file model_12.txt (compact mmCIF, C-alpha atoms)
# COMPACT_ATOMS: atom_id res chain seq x y z
CA MET A 1 27.94 18.01 -2.25
CA GLU A 2 27.80 19.38 1.31
CA LEU A 3 26.29 17.36 4.13
CA LEU A 4 26.06 20.39 6.35
CA MET A 5 26.63 24.12 6.02
CA PRO A 6 27.86 24.93 9.54
CA GLU A 7 27.08 28.62 9.48
CA SER A 8 23.50 28.38 8.28
CA GLY A 9 22.39 24.77 8.38
CA ARG A 10 19.51 23.50 10.46
CA THR A 11 17.89 20.15 11.17
CA THR A 12 14.38 19.49 9.94
CA LYS A 13 11.77 17.70 12.00
CA GLN A 14 12.36 14.58 9.96
CA GLY A 15 16.06 14.66 10.75
CA HIS A 16 17.47 15.81 7.40
CA ILE A 17 19.98 18.62 7.14
CA THR A 18 18.97 21.67 5.19
CA GLY A 19 20.35 25.12 4.55
CA THR A 20 18.54 28.36 5.14
CA THR A 21 16.33 27.48 2.22
CA SER A 22 14.45 24.22 1.89
CA THR A 23 16.29 21.39 0.17
CA PRO A 24 14.48 19.49 -2.58
CA VAL A 25 13.39 16.01 -1.57
CA ALA A 26 15.50 14.35 -4.26
CA ALA A 27 18.65 16.11 -3.07
CA ALA A 28 17.89 15.16 0.54
CA ARG A 29 17.58 11.53 -0.49
CA ARG A 30 20.91 11.65 -2.33
CA VAL A 31 22.54 13.11 0.77
CA GLY A 32 20.95 10.40 2.91
CA LEU A 33 22.25 7.67 0.60
CA LEU A 34 25.72 9.20 0.58
CA VAL A 35 25.79 9.40 4.38
CA THR A 36 24.72 5.76 4.59
CA LEU A 37 27.41 4.54 2.20
CA VAL A 38 30.25 6.56 3.73
CA LEU A 39 29.36 5.84 7.36
CA GLY A 40 28.59 2.23 6.50
CA GLY A 41 32.08 1.88 5.05
CA LEU A 42 33.61 3.36 8.20
CA THR A 43 31.71 0.98 10.48
CA ALA A 44 32.55 -2.00 8.25
CA LEU A 45 36.31 -1.33 8.24
CA PRO A 46 37.02 -2.66 11.79
CA PRO A 47 35.33 -6.06 11.25
CA LEU A 48 37.07 -6.31 7.89
CA SER A 49 40.40 -5.58 9.61
CA MET A 50 39.75 -8.29 12.21
CA ASP A 51 37.98 -11.04 10.25
CA MET A 52 39.76 -10.93 6.88
CA TYR A 53 42.92 -11.82 8.78
CA LEU A 54 41.50 -14.86 10.62
CA PRO A 55 42.10 -17.48 7.87
CA ALA A 56 45.74 -16.38 7.67
CA LEU A 57 46.67 -17.04 11.32
CA PRO A 58 48.22 -20.50 10.76
CA GLU A 59 50.26 -19.15 7.85
CA VAL A 60 51.47 -16.18 9.93
CA THR A 61 52.60 -18.59 12.65
CA GLU A 62 54.69 -20.54 10.16
CA SER A 63 55.96 -17.53 8.20
CA LEU A 64 57.19 -15.55 11.21
CA ARG A 65 58.27 -18.67 13.16
CA ALA A 66 56.28 -17.54 16.17
CA PRO A 67 54.21 -19.51 18.69
CA ALA A 68 50.47 -19.60 18.02
CA ALA A 69 49.76 -17.87 21.33
CA THR A 70 52.02 -14.97 20.34
CA VAL A 71 50.37 -14.66 16.93
CA GLN A 72 46.99 -14.52 18.70
CA LEU A 73 48.23 -11.31 20.31
CA THR A 74 48.00 -9.65 16.89
CA LEU A 75 44.20 -10.00 17.21
CA THR A 76 44.18 -8.89 20.84
CA ALA A 77 46.29 -5.83 20.02
CA CYS A 78 43.96 -4.75 17.22
CA LEU A 79 40.87 -5.23 19.42
CA ALA A 80 42.46 -3.34 22.33
CA GLY A 81 43.42 -0.52 19.98
CA MET A 82 39.86 -0.22 18.71
CA ALA A 83 38.55 -0.02 22.29
CA LEU A 84 41.06 2.50 23.62
CA GLY A 85 41.26 4.58 20.45
CA GLN A 86 37.63 5.55 20.76
CA LEU A 87 38.30 7.22 24.11
CA VAL A 88 40.89 9.44 22.44
CA VAL A 89 39.23 10.19 19.11
CA GLY A 90 35.72 10.83 20.47
CA PRO A 91 36.65 13.88 22.59
CA MET A 92 38.99 15.09 19.81
CA SER A 93 36.04 15.18 17.42
CA ASP A 94 34.03 17.24 19.90
CA LYS A 95 36.87 19.79 20.05
CA TRP A 96 38.06 19.95 16.42
CA GLY A 97 35.03 18.72 14.51
CA ARG A 98 34.43 15.34 12.91
CA ARG A 99 36.34 15.72 9.66
CA ARG A 100 39.92 16.42 10.76
CA PRO A 101 40.26 13.64 13.39
CA LEU A 102 38.60 11.19 11.00
CA LEU A 103 40.94 11.98 8.12
CA ALA A 104 43.95 11.85 10.45
CA GLY A 105 42.81 8.48 11.78
CA MET A 106 42.29 7.10 8.27
CA ILE A 107 45.75 8.23 7.15
CA VAL A 108 47.39 6.58 10.17
CA TYR A 109 45.29 3.45 9.57
CA VAL A 110 46.55 3.21 5.98
CA ALA A 111 50.17 3.69 7.05
CA ALA A 112 49.95 1.15 9.89
CA THR A 113 48.25 -1.43 7.66
CA ALA A 114 50.93 -0.99 4.99
CA VAL A 115 53.65 -1.61 7.58
CA CYS A 116 51.83 -4.76 8.73
CA ALA A 117 52.06 -6.08 5.18
CA PHE A 118 55.86 -5.94 5.32
CA ALA A 119 56.41 -6.77 9.02
CA PRO A 120 59.53 -8.97 9.36
CA SER A 121 58.73 -10.12 12.91
CA VAL A 122 55.70 -10.93 15.01
CA GLU A 123 56.67 -8.24 17.53
CA LEU A 124 56.51 -5.54 14.86
CA LEU A 125 53.25 -6.98 13.56
CA ILE A 126 51.70 -6.81 17.05
CA THR A 127 52.87 -3.21 17.47
CA PHE A 128 51.39 -2.00 14.22
CA ARG A 129 48.20 -4.04 14.66
CA LEU A 130 47.73 -2.07 17.87
CA LEU A 131 48.30 1.17 15.96
CA GLN A 132 45.96 -0.05 13.22
CA GLY A 133 43.23 -0.61 15.83
CA LEU A 134 43.83 2.76 17.49
CA ALA A 135 43.52 4.56 14.15
CA GLY A 136 40.63 2.43 12.89
CA ALA A 137 38.66 3.38 16.00
CA ALA A 138 38.21 6.84 14.45
CA GLY A 139 35.78 5.41 11.92
CA ILE A 140 33.66 3.66 14.56
CA VAL A 141 33.33 6.52 17.02
CA ILE A 142 33.01 9.38 14.52
CA ALA A 143 30.43 7.51 12.42
CA ARG A 144 28.13 7.35 15.47
CA ALA A 145 28.84 11.01 16.29
CA VAL A 146 28.03 12.09 12.71
CA VAL A 147 24.71 10.24 12.90
CA ARG A 148 23.96 12.19 16.08
CA ASP A 149 24.87 15.45 14.32
CA LEU A 150 22.62 14.76 11.35
CA TYR A 151 19.61 13.03 12.89
CA ASP A 152 17.50 13.03 16.02
CA GLY A 153 14.75 10.93 17.56
CA VAL A 154 13.28 8.11 15.52
CA GLU A 155 15.26 9.15 12.43
CA MET A 156 18.47 8.44 14.32
CA ALA A 157 17.23 5.00 15.38
CA ARG A 158 16.26 4.24 11.79
CA PHE A 159 19.68 5.27 10.55
CA PHE A 160 21.45 3.06 13.09
CA SER A 161 19.33 0.14 11.90
CA THR A 162 20.37 0.88 8.32
CA LEU A 163 24.04 0.98 9.32
CA MET A 164 23.55 -2.45 10.90
CA LEU A 165 22.73 -3.80 7.45
CA ILE A 166 26.25 -2.90 6.31
CA SER A 167 28.18 -3.61 9.49
CA GLY A 168 26.31 -6.90 9.90
CA VAL A 169 27.27 -8.14 6.44
CA ALA A 170 30.98 -7.27 6.85
CA PRO A 171 31.81 -10.04 9.39
CA ILE A 172 30.08 -12.59 7.12
CA ILE A 173 32.02 -11.80 3.97
CA ALA A 174 35.36 -10.83 5.56
CA PRO A 175 36.63 -14.40 6.23
CA LEU A 176 35.46 -15.42 2.76
CA ILE A 177 37.42 -12.56 1.20
CA GLY A 178 40.45 -13.45 3.30
CA GLY A 179 40.24 -17.09 2.22
CA GLN A 180 40.09 -16.13 -1.45
CA ILE A 181 43.07 -13.79 -1.06
CA LEU A 182 45.07 -16.66 0.43
CA ARG A 183 44.34 -18.74 -2.66
CA ILE A 184 46.37 -16.38 -4.82
CA THR A 185 48.89 -14.87 -2.38
CA ASP A 186 50.17 -15.18 1.19
CA TRP A 187 49.02 -13.57 4.44
CA ARG A 188 50.72 -10.30 3.56
CA GLY A 189 48.28 -9.95 0.67
CA VAL A 190 45.45 -9.55 3.19
CA PHE A 191 47.10 -6.40 4.50
CA HIS A 192 47.78 -5.17 0.97
CA VAL A 193 44.04 -5.43 0.25
CA LEU A 194 43.16 -3.71 3.55
CA THR A 195 45.61 -0.92 2.66
CA VAL A 196 43.88 -0.38 -0.69
CA ILE A 197 40.46 -0.38 1.01
CA GLY A 198 41.75 2.16 3.53
CA VAL A 199 43.08 4.43 0.78
CA LEU A 200 39.80 4.30 -1.16
CA LEU A 201 37.74 5.00 1.95
CA THR A 202 40.03 7.89 2.91
CA VAL A 203 39.54 9.45 -0.53
CA VAL A 204 35.76 9.03 -0.28
CA VAL A 205 35.70 10.63 3.18
CA TRP A 206 37.90 13.53 2.00
CA ARG A 207 35.78 14.11 -1.09
CA PHE A 208 32.25 13.65 0.18
CA LEU A 209 32.00 13.72 3.99
CA HIS A 210 32.07 17.38 4.92
CA GLU A 211 31.99 18.78 8.43
CA THR A 212 28.84 18.03 10.46
CA LEU A 213 29.70 19.76 13.74
CA PRO A 214 29.39 23.58 13.55
CA PRO A 215 32.15 25.58 15.29
CA GLU A 216 29.73 27.03 17.81
CA ARG A 217 28.89 23.53 19.08
CA ARG A 218 32.50 22.46 19.62
CA HIS A 219 34.31 22.18 22.96
CA ALA A 220 37.35 24.37 23.46
CA GLY A 221 38.87 22.49 26.40
CA GLY A 222 41.76 20.04 26.46
CA VAL A 223 42.23 16.67 28.12
CA GLY A 224 40.87 17.89 31.44
CA GLU A 225 37.71 19.17 29.82
CA ALA A 226 37.28 15.88 27.94
CA LEU A 227 37.57 13.90 31.17
CA ARG A 228 35.08 16.19 32.90
CA THR A 229 32.69 15.73 29.98
CA MET A 230 32.95 11.95 30.20
CA ARG A 231 32.52 12.07 33.97
CA GLY A 232 29.40 14.16 33.48
CA LEU A 233 28.04 11.68 30.94
CA LEU A 234 28.63 8.76 33.30
CA ALA A 235 26.92 10.71 36.08
CA ASP A 236 23.76 10.74 33.95
CA ARG A 237 22.03 7.63 35.28
CA VAL A 238 19.87 7.15 32.20
CA PHE A 239 22.74 7.50 29.73
CA THR A 240 24.83 5.04 31.76
CA GLY A 241 21.88 2.65 31.90
CA TYR A 242 21.58 2.58 28.13
CA MET A 243 25.37 2.28 27.79
CA LEU A 244 25.55 -0.72 30.13
CA ALA A 245 22.47 -2.36 28.64
CA GLY A 246 23.97 -2.08 25.16
CA GLY A 247 27.40 -3.23 26.34
CA LEU A 248 26.03 -6.30 28.11
CA ALA A 249 23.89 -7.22 25.10
CA PHE A 250 26.99 -6.87 22.95
CA ALA A 251 28.85 -9.14 25.40
CA ALA A 252 26.22 -11.85 24.85
CA LEU A 253 26.94 -11.50 21.13
CA PHE A 254 30.70 -11.72 21.80
CA ALA A 255 30.13 -14.89 23.82
CA TYR A 256 28.34 -16.41 20.84
CA ILE A 257 31.12 -15.43 18.41
CA SER A 258 33.83 -16.80 20.71
CA ALA A 259 32.15 -20.09 21.56
CA SER A 260 30.08 -21.00 18.51
CA PRO A 261 32.87 -22.57 16.39
CA PHE A 262 33.71 -24.92 19.27
CA VAL A 263 30.12 -25.56 20.38
CA VAL A 264 28.65 -26.20 16.95
CA GLN A 265 31.52 -28.23 15.52
CA GLU A 266 33.17 -30.02 18.46
CA ILE A 267 30.23 -30.64 20.79
CA TYR A 268 27.38 -31.03 18.29
CA GLY A 269 29.44 -32.52 15.47
CA ALA A 270 28.66 -30.09 12.66
CA SER A 271 31.00 -29.79 9.70
CA PRO A 272 32.85 -26.53 8.99
CA GLN A 273 30.47 -25.98 6.07
CA THR A 274 27.42 -26.42 8.33
CA PHE A 275 28.93 -24.05 10.87
CA SER A 276 29.54 -21.44 8.17
CA LEU A 277 25.94 -21.81 7.00
CA LEU A 278 24.53 -21.42 10.52
CA PHE A 279 26.81 -18.45 11.25
CA GLY A 280 25.62 -16.79 8.05
CA LEU A 281 21.95 -17.47 8.85
CA ASN A 282 22.33 -15.98 12.33
CA SER A 283 23.97 -12.88 10.89
CA ILE A 284 21.16 -12.57 8.35
CA GLY A 285 18.65 -12.82 11.22
CA LEU A 286 20.37 -9.97 13.07
CA VAL A 287 20.44 -7.79 9.96
CA ALA A 288 16.82 -8.62 9.03
CA VAL A 289 15.45 -7.78 12.48
CA GLY A 290 17.53 -4.60 12.45
CA GLN A 291 15.78 -3.60 9.24
CA ILE A 292 12.37 -4.48 10.68
CA ASN A 293 13.26 -2.32 13.67
CA GLY A 294 14.21 0.64 11.48
CA LYS A 295 11.57 0.37 8.77
CA LEU A 296 8.51 -0.89 10.63
CA LEU A 297 8.80 -0.49 14.41
CA VAL A 298 10.61 2.81 14.92
CA GLY A 299 8.13 5.66 14.72
CA ARG A 300 5.17 3.37 15.41
CA VAL A 301 6.29 1.93 18.74
CA SER A 302 8.36 3.78 21.33
CA LEU A 303 12.08 3.00 21.28
CA ASP A 304 11.99 1.90 24.92
CA LYS A 305 9.22 -0.62 24.25
CA VAL A 306 11.09 -2.08 21.29
CA LEU A 307 14.32 -2.17 23.28
CA GLY A 308 12.65 -3.78 26.28
CA GLY A 309 11.04 -6.39 24.06
CA GLY A 310 14.36 -7.19 22.38
CA LEU A 311 16.17 -7.57 25.71
CA ALA A 312 13.36 -9.81 26.99
CA VAL A 313 13.70 -12.07 23.93
CA ILE A 314 17.47 -12.27 24.45
CA LEU A 315 16.84 -13.26 28.07
CA LEU A 316 14.31 -15.96 27.14
CA ALA A 317 16.62 -17.35 24.43
CA SER A 318 19.49 -17.47 26.95
CA VAL A 319 17.33 -19.33 29.46
CA ALA A 320 16.30 -21.84 26.77
CA LEU A 321 19.93 -22.36 25.73
CA LEU A 322 21.03 -22.94 29.32
CA LEU A 323 18.25 -25.47 29.93
CA MET A 324 19.09 -27.33 26.72
CA THR A 325 22.86 -27.37 27.17
CA SER A 326 22.64 -28.40 30.85
CA GLY A 327 20.57 -31.49 30.02
CA VAL A 328 17.31 -30.48 31.69
CA PHE A 329 15.43 -31.62 28.58
CA GLY A 330 17.68 -34.62 28.08
CA LYS A 331 20.18 -34.81 25.26
CA VAL A 332 19.29 -32.37 22.50
CA GLY A 333 20.71 -32.19 19.01
CA LEU A 334 22.12 -29.35 16.99
CA ALA A 335 18.78 -28.12 15.60
CA PRO A 336 17.31 -26.82 18.92
CA ILE A 337 20.62 -25.22 19.89
CA ALA A 338 20.89 -23.58 16.47
CA ALA A 339 17.31 -22.30 16.80
CA GLY A 340 18.05 -20.77 20.21
CA LEU A 341 21.18 -19.06 18.92
CA PHE A 342 19.26 -17.76 15.91
CA VAL A 343 16.59 -16.18 18.14
CA LEU A 344 19.21 -14.66 20.44
CA MET A 345 21.25 -13.24 17.56
CA SER A 346 18.20 -11.89 15.74
CA ALA A 347 16.98 -10.03 18.83
CA MET A 348 20.26 -8.11 18.85
CA GLY A 349 18.84 -6.26 15.85
CA THR A 350 16.56 -4.33 18.21
CA ALA A 351 18.89 -4.02 21.19
CA MET A 352 22.03 -2.50 19.70
CA PRO A 353 20.66 0.28 17.45
CA ASN A 354 18.10 1.42 20.01
CA THR A 355 20.51 1.59 22.97
CA ASN A 356 22.84 3.71 20.84
CA ALA A 357 20.01 5.97 19.70
CA GLN A 358 18.52 6.47 23.16
CA ALA A 359 21.91 7.17 24.73
CA LEU A 360 23.02 9.63 22.05
CA MET A 361 19.70 11.47 22.12
CA ARG A 362 20.61 12.60 25.63
CA THR A 363 24.01 13.99 24.61
CA PRO A 364 23.75 16.42 21.68
CA HIS A 365 26.43 18.58 23.31
CA ALA A 366 29.06 15.81 23.45
CA ALA A 367 28.22 13.23 20.81
CA GLY A 368 31.87 12.31 20.22
CA SER A 369 32.62 11.62 23.88
CA ALA A 370 29.32 9.77 24.29
CA SER A 371 30.03 7.67 21.23
CA ALA A 372 33.48 6.86 22.61
CA LEU A 373 32.03 5.66 25.91
CA LEU A 374 29.41 3.55 24.14
CA GLY A 375 31.95 1.88 21.88
CA THR A 376 34.68 1.36 24.45
CA SER A 377 32.32 -0.08 27.07
CA SER A 378 30.95 -2.57 24.54
CA PHE A 379 34.42 -3.74 23.49
CA LEU A 380 35.69 -4.00 27.07
CA ILE A 381 32.65 -5.83 28.45
CA GLY A 382 32.71 -8.14 25.43
CA ALA A 383 36.43 -8.80 25.89
CA ILE A 384 35.82 -9.75 29.54
CA ALA A 385 32.93 -12.06 28.69
CA SER A 386 34.56 -13.88 25.77
CA PRO A 387 37.22 -15.91 27.67
CA LEU A 388 34.63 -17.11 30.19
CA VAL A 389 32.82 -19.25 27.62
CA GLY A 390 35.64 -21.83 27.71
CA ILE A 391 36.17 -21.85 31.47
CA ALA A 392 34.78 -25.40 31.93
CA GLY A 393 36.77 -26.98 29.12
CA GLU A 394 35.72 -28.42 25.80
CA ALA A 395 33.08 -30.95 26.86
CA THR A 396 30.13 -28.66 27.52
CA ALA A 397 28.32 -25.64 26.07
CA VAL A 398 26.93 -24.62 29.47
CA PRO A 399 29.49 -21.80 30.03
CA MET A 400 28.44 -20.11 26.76
CA ALA A 401 24.77 -20.21 27.70
CA LEU A 402 25.49 -19.15 31.29
CA VAL A 403 27.56 -16.14 30.19
CA GLN A 404 24.81 -15.15 27.77
CA LEU A 405 22.18 -15.47 30.50
CA VAL A 406 24.17 -13.37 32.98
CA CYS A 407 24.71 -10.70 30.31
CA ALA A 408 21.02 -10.74 29.35
CA VAL A 409 19.90 -10.42 32.98
CA GLY A 410 22.38 -7.60 33.53
CA ALA A 411 21.28 -5.77 30.38
CA LEU A 412 17.60 -5.95 31.29
CA ALA A 413 18.33 -4.97 34.91
CA CYS A 414 20.32 -1.90 33.82
CA PHE A 415 17.59 -0.90 31.38
CA LEU A 416 14.77 -1.23 33.91
CA GLY A 417 16.65 -0.09 37.03
CA MET A 418 18.60 2.84 35.58
CA CYS A 419 16.66 4.01 32.52
CA ARG A 420 13.25 3.45 34.17
CA PRO A 421 11.36 3.58 30.87
CA TRP A 422 7.93 3.67 32.51
CA ARG A 423 8.63 7.13 33.91
CA THR A 424 8.43 10.45 32.10
CA PRO A 425 11.81 10.91 30.39
CA SER A 426 14.08 13.45 32.03
CA GLU A 427 15.63 16.18 29.96
CA PRO A 428 18.91 15.43 28.18
CA GLN A 429 22.05 17.07 29.43
CA THR A 430 22.81 20.38 27.84
CA GLY A 431 26.43 20.79 29.02

call {"tool": "encode", "arguments": {"input": "model_12.txt", "output": "structure tokens"}}
result
Amino acid sequence: MELLMPESGRTTKQGHITGTTSTPVAAARRVGLLVTLVLGGLTALPPLSMDMYLPALPEVTESLRAPAATVQLTLTACLAGMALGQLVVGPMSDKWGRRRPLLAGMIVYVAATAVCAFAPSVELLITFRLLQGLAGAAGIVIARAVVRDLYDGVEMARFFSTLMLISGVAPIIAPLIGGQILRITDWRGVFHVLTVIGVLLTVVVWRFLHETLPPERRHAGGVGEALRTMRGLLADRVFTGYMLAGGLAFAALFAYISASPFVVQEIYGASPQTFSLLFGLNSIGLVAVGQINGKLLVGRVSLDKVLGGGLAVILLASVALLLMTSGVFGKVGLAPIAAGLFVLMSAMGTAMPNTNAQALMRTPHAAGSASALLGTSSFLIGAIASPLVGIAGEATAVPMALVQLVCAVGALACFLGMCRPWRTPSEPQTG
């Protein structure tokens, strides 16, 4: 089943790929479902790689006789690899097409993960976790680029919302899967399972995900050309505005992920079970609003209006959280804090898919490089914001709320000041 015939394919008004003759509706739906499953698996692999491993950290510390701080570097290395790898793989996919860099990345991911399963020292584990992240980045960046190849306009925004359903569920179930694996084996078993998942996903990509970037749309240049392309993308004020707005919104989400275990359990006295329940509810809220965005709002309301509304809700939720945690309303319990976090998390379901869609709509000529910039900026801004949530120690949740507020203000300011949604949209770059 071909997703695209490069020599003769064309994109319909609705965003489906057809050949020179019209494709039956049933076949188009099957292709759409296949794209969703394959790309959903690629976007779910990085959170699985990060979060399945979390329950095993204490065991790794004991097994490898390494300090906890050193073992934490295995997470940092994987996250850094995912951020930096996108800058490499994105331009490669614009030059050589989506399929070859993706398959190469998946093969390296499988090999690196297998080595992690047998690592005799923490130093070797850190090294191959970095390589695992670098290779796993191929799935993130190329999945976004493939969506840009296959869809346009509101169809692209709808597809990103659908992908959020899969990528939003992965962080919820990953620690649960990791915990169950540890019941029957040791920490190395987590990497054995990830290796098997990587092999299966590689086979699925090889069998079903055919090329989506025709040769005539590829870039022939090398590293210099890739850097010039990225510089040109960053020079586009509107693209950069969407990129920064999305990155700062993602940083507010990172701040929540970093601080919530401490805030909910240590400050507000919730049990680990209650924390898990609240974390799951917040993730469900994000996924549900993402589906409302894709199924009900997109196509009926302009993407900029939906995006602006989502960023405004994130800002208001951040203000409410700061007022509550700073004691302006007196001492508040867990319920109001949990409600504020739920609203903030849920609003991300409109911010993240629509910033991606609006940014990528401007860059049909360089979707891989644009996707790399979007992903890397989000990871880097999030990585900067995350440590700040604990800057005032363990007695207050104010730093979490303050970081979220600063990120929300910055996201809305970039959207309004750089994208200027009230003006007539300027033409996308054509390269």

call {"tool": "residues_around", "arguments": {"input": "model_12.txt", "residues": "A:Phe239", "least_positions_apart": "2", "cutoff": "12 Å", "atoms": "all atoms listed in the file", "output": "JSON, numbers by chain"}}
result
{"A": [230, 231, 232, 233, 234, 235, 236, 237, 241, 242, 243, 244, 245, 246, 355, 356, 357, 358, 359, 360, 361, 362, 363, 367, 370, 371, 373, 374, 414, 415, 418, 419, 420, 425, 426, 427, 428, 429]}

call {"tool": "residues_around", "arguments": {"input": "model_12.txt", "residues": "A:Gly139", "least_positions_apart": "6", "cutoff": "7 Å", "atoms": "only C-alpha atoms", "output": "ChimeraX atom specification"}}
result
/A:42-43,102

call {"tool": "residues_near_point", "arguments": {"input": "model_12.txt", "point": "(50.8, 1.5, 6.9)", "cutoff": "10 Å", "atoms": "only C-alpha atoms", "output": "ChimeraX atom specification"}}
result
/A:107-118,128-129,131-132,191-192,194-195,198

call {"tool": "write_last_selection", "arguments": {"input": "model_12.txt", "atoms": "C-alpha atoms", "output": "mmCIF file, in the coordinates of the input"}}
result
data_model
loop_
_atom_site.group_PDB
_atom_site.id
_atom_site.type_symbol
_atom_site.label_atom_id
_atom_site.label_comp_id
_atom_site.auth_asym_id
_atom_site.auth_seq_id
_atom_site.Cartn_x
_atom_site.Cartn_y
_atom_site.Cartn_z
ATOM 1 C CA ILE A 107 45.750 8.230 7.150
ATOM 2 C CA VAL A 108 47.390 6.580 10.170
ATOM 3 C CA TYR A 109 45.290 3.450 9.570
ATOM 4 C CA VAL A 110 46.550 3.210 5.980
ATOM 5 C CA ALA A 111 50.170 3.690 7.050
ATOM 6 C CA ALA A 112 49.950 1.150 9.890
ATOM 7 C CA THR A 113 48.250 -1.430 7.660
ATOM 8 C CA ALA A 114 50.930 -0.990 4.990
ATOM 9 C CA VAL A 115 53.650 -1.610 7.580
ATOM 10 C CA CYS A 116 51.830 -4.760 8.730
ATOM 11 C CA ALA A 117 52.060 -6.080 5.180
ATOM 12 C CA PHE A 118 55.860 -5.940 5.320
ATOM 13 C CA PHE A 128 51.390 -2.000 14.220
ATOM 14 C CA ARG A 129 48.200 -4.040 14.660
ATOM 15 C CA LEU A 131 48.300 1.170 15.960
ATOM 16 C CA GLN A 132 45.960 -0.050 13.220
ATOM 17 C CA PHE A 191 47.100 -6.400 4.500
ATOM 18 C CA HIS A 192 47.780 -5.170 0.970
ATOM 19 C CA LEU A 194 43.160 -3.710 3.550
ATOM 20 C CA THR A 195 45.610 -0.920 2.660
ATOM 21 C CA GLY A 198 41.750 2.160 3.530
#

call {"tool": "atom_distance", "arguments": {"input": "model_12.txt", "atom1": "atom CA of A:Ser326", "atom2": "atom CA of A:Leu311"}}
result
22.4 Å

call {"tool": "closest_atom_pairs", "arguments": {"input": "model_12.txt", "of": "stretch 81-102 of chain A", "to": "stretch 201-218 of chain A", "cutoff": "8 Å", "atoms": "all atoms listed in the file", "output": "Markdown table"}}
result
| residue | atom | partner | partner_atom | distance |
| --- | --- | --- | --- | --- |
| A:Asp94 | CA | A:Arg218 | CA | 5.4 |
| A:Lys95 | CA | A:Arg218 | CA | 5.1 |
| A:Trp96 | CA | A:Arg218 | CA | 6.9 |
| A:Gly97 | CA | A:Leu213 | CA | 5.5 |
| A:Arg98 | CA | A:Glu211 | CA | 6.2 |
| A:Arg99 | CA | A:Glu211 | CA | 5.5 |

call {"tool": "residues_around", "arguments": {"input": "model_12.txt", "residues": "A:Val409", "least_positions_apart": "6", "cutoff": "10 Å", "atoms": "only C-alpha atoms", "output": "PDB file with C-alpha atoms, in the coordinates of the input"}}
result
ATOM      1  CA  ALA A 245      22.470  -2.360  28.640  1.00  0.00           C
ATOM      2  CA  LEU A 248      26.030  -6.300  28.110  1.00  0.00           C
ATOM      3  CA  ALA A 249      23.890  -7.220  25.100  1.00  0.00           C
ATOM      4  CA  LEU A 311      16.170  -7.570  25.710  1.00  0.00           C
ATOM      5  CA  ALA A 312      13.360  -9.810  26.990  1.00  0.00           C
ATOM      6  CA  ILE A 314      17.470 -12.270  24.450  1.00  0.00           C
ATOM      7  CA  LEU A 315      16.840 -13.260  28.070  1.00  0.00           C
ATOM      8  CA  LEU A 316      14.310 -15.960  27.140  1.00  0.00           C
ATOM      9  CA  SER A 318      19.490 -17.470  26.950  1.00  0.00           C
ATOM     10  CA  VAL A 319      17.330 -19.330  29.460  1.00  0.00           C
ATOM     11  CA  VAL A 403      27.560 -16.140  30.190  1.00  0.00           C
ATOM     12  CA  PHE A 415      17.590  -0.900  31.380  1.00  0.00           C
TER      13      PHE A 415
END

call {"tool": "residues_around", "arguments": {"input": "model_12.txt", "residues": "A:Ser386", "least_positions_apart": "6", "cutoff": "9 Å", "atoms": "only C-alpha atoms", "output": "mmCIF file with C-alpha atoms, keeping the file's coordinate frame"}}
result
data_model
loop_
_atom_site.group_PDB
_atom_site.id
_atom_site.type_symbol
_atom_site.label_atom_id
_atom_site.label_comp_id
_atom_site.auth_asym_id
_atom_site.auth_seq_id
_atom_site.Cartn_x
_atom_site.Cartn_y
_atom_site.Cartn_z
ATOM 1 C CA ALA A 251 28.850 -9.140 25.400
ATOM 2 C CA ALA A 252 26.220 -11.850 24.850
ATOM 3 C CA PHE A 254 30.700 -11.720 21.800
ATOM 4 C CA ALA A 255 30.130 -14.890 23.820
ATOM 5 C CA TYR A 256 28.340 -16.410 20.840
ATOM 6 C CA ILE A 257 31.120 -15.430 18.410
ATOM 7 C CA SER A 258 33.830 -16.800 20.710
ATOM 8 C CA ALA A 259 32.150 -20.090 21.560
ATOM 9 C CA MET A 400 28.440 -20.110 26.760
ATOM 10 C CA VAL A 403 27.560 -16.140 30.190
#

call {"tool": "closest_atom_pairs", "arguments": {"input": "model_12.txt", "of": "stretch 299-397 of chain A", "to": "stretch 70-85 of chain A", "cutoff": "9 Å", "atoms": "all atoms listed in the file", "output": "Markdown table"}}
result
| residue | atom | partner | partner_atom | distance |
| --- | --- | --- | --- | --- |
| A:Ala372 | CA | A:Gly85 | CA | 8.4 |
| A:Gly375 | CA | A:Ala83 | CA | 6.9 |
| A:Thr376 | CA | A:Ala83 | CA | 4.6 |
| A:Ser377 | CA | A:Ala83 | CA | 7.9 |
| A:Ser378 | CA | A:Ala83 | CA | 8.3 |
| A:Phe379 | CA | A:Ala83 | CA | 5.7 |
| A:Leu380 | CA | A:Ala83 | CA | 6.8 |
| A:Ala383 | CA | A:Leu79 | CA | 8.6 |

call {"tool": "residues_around", "arguments": {"input": "model_12.txt", "residues": "A:Pro353", "least_positions_apart": "6", "cutoff": "10 Å", "atoms": "only C-alpha atoms", "output": "MDAnalysis selection string"}}
result
chainID A and resid 156:164 246 290 293:294 303 307

call {"tool": "closest_residue", "arguments": {"input": "model_12.txt", "among": "A:Gly41, A:Gly368, A:Pro55, A:Pro399", "to": "A:His219", "atoms": "all atoms listed in the file"}}
result
A:Gly368

call {"tool": "atom_distance", "arguments": {"input": "model_12.txt", "atom1": "atom CA of A:Thr350", "atom2": "atom CA of A:Val306"}}
result
6.7 Å

call {"tool": "atom_distance", "arguments": {"input": "model_12.txt", "atom1": "atom CA of A:Ile267", "atom2": "atom CA of A:Val406"}}
result
22.0 Å

call {"tool": "residues_near_point", "arguments": {"input": "model_12.txt", "point": "(40.2, -18.4, 7.6)", "cutoff": "10 Å", "atoms": "only C-alpha atoms", "output": "NGL selection string"}}
result
:A and (51-58 or 174-180 or 182)
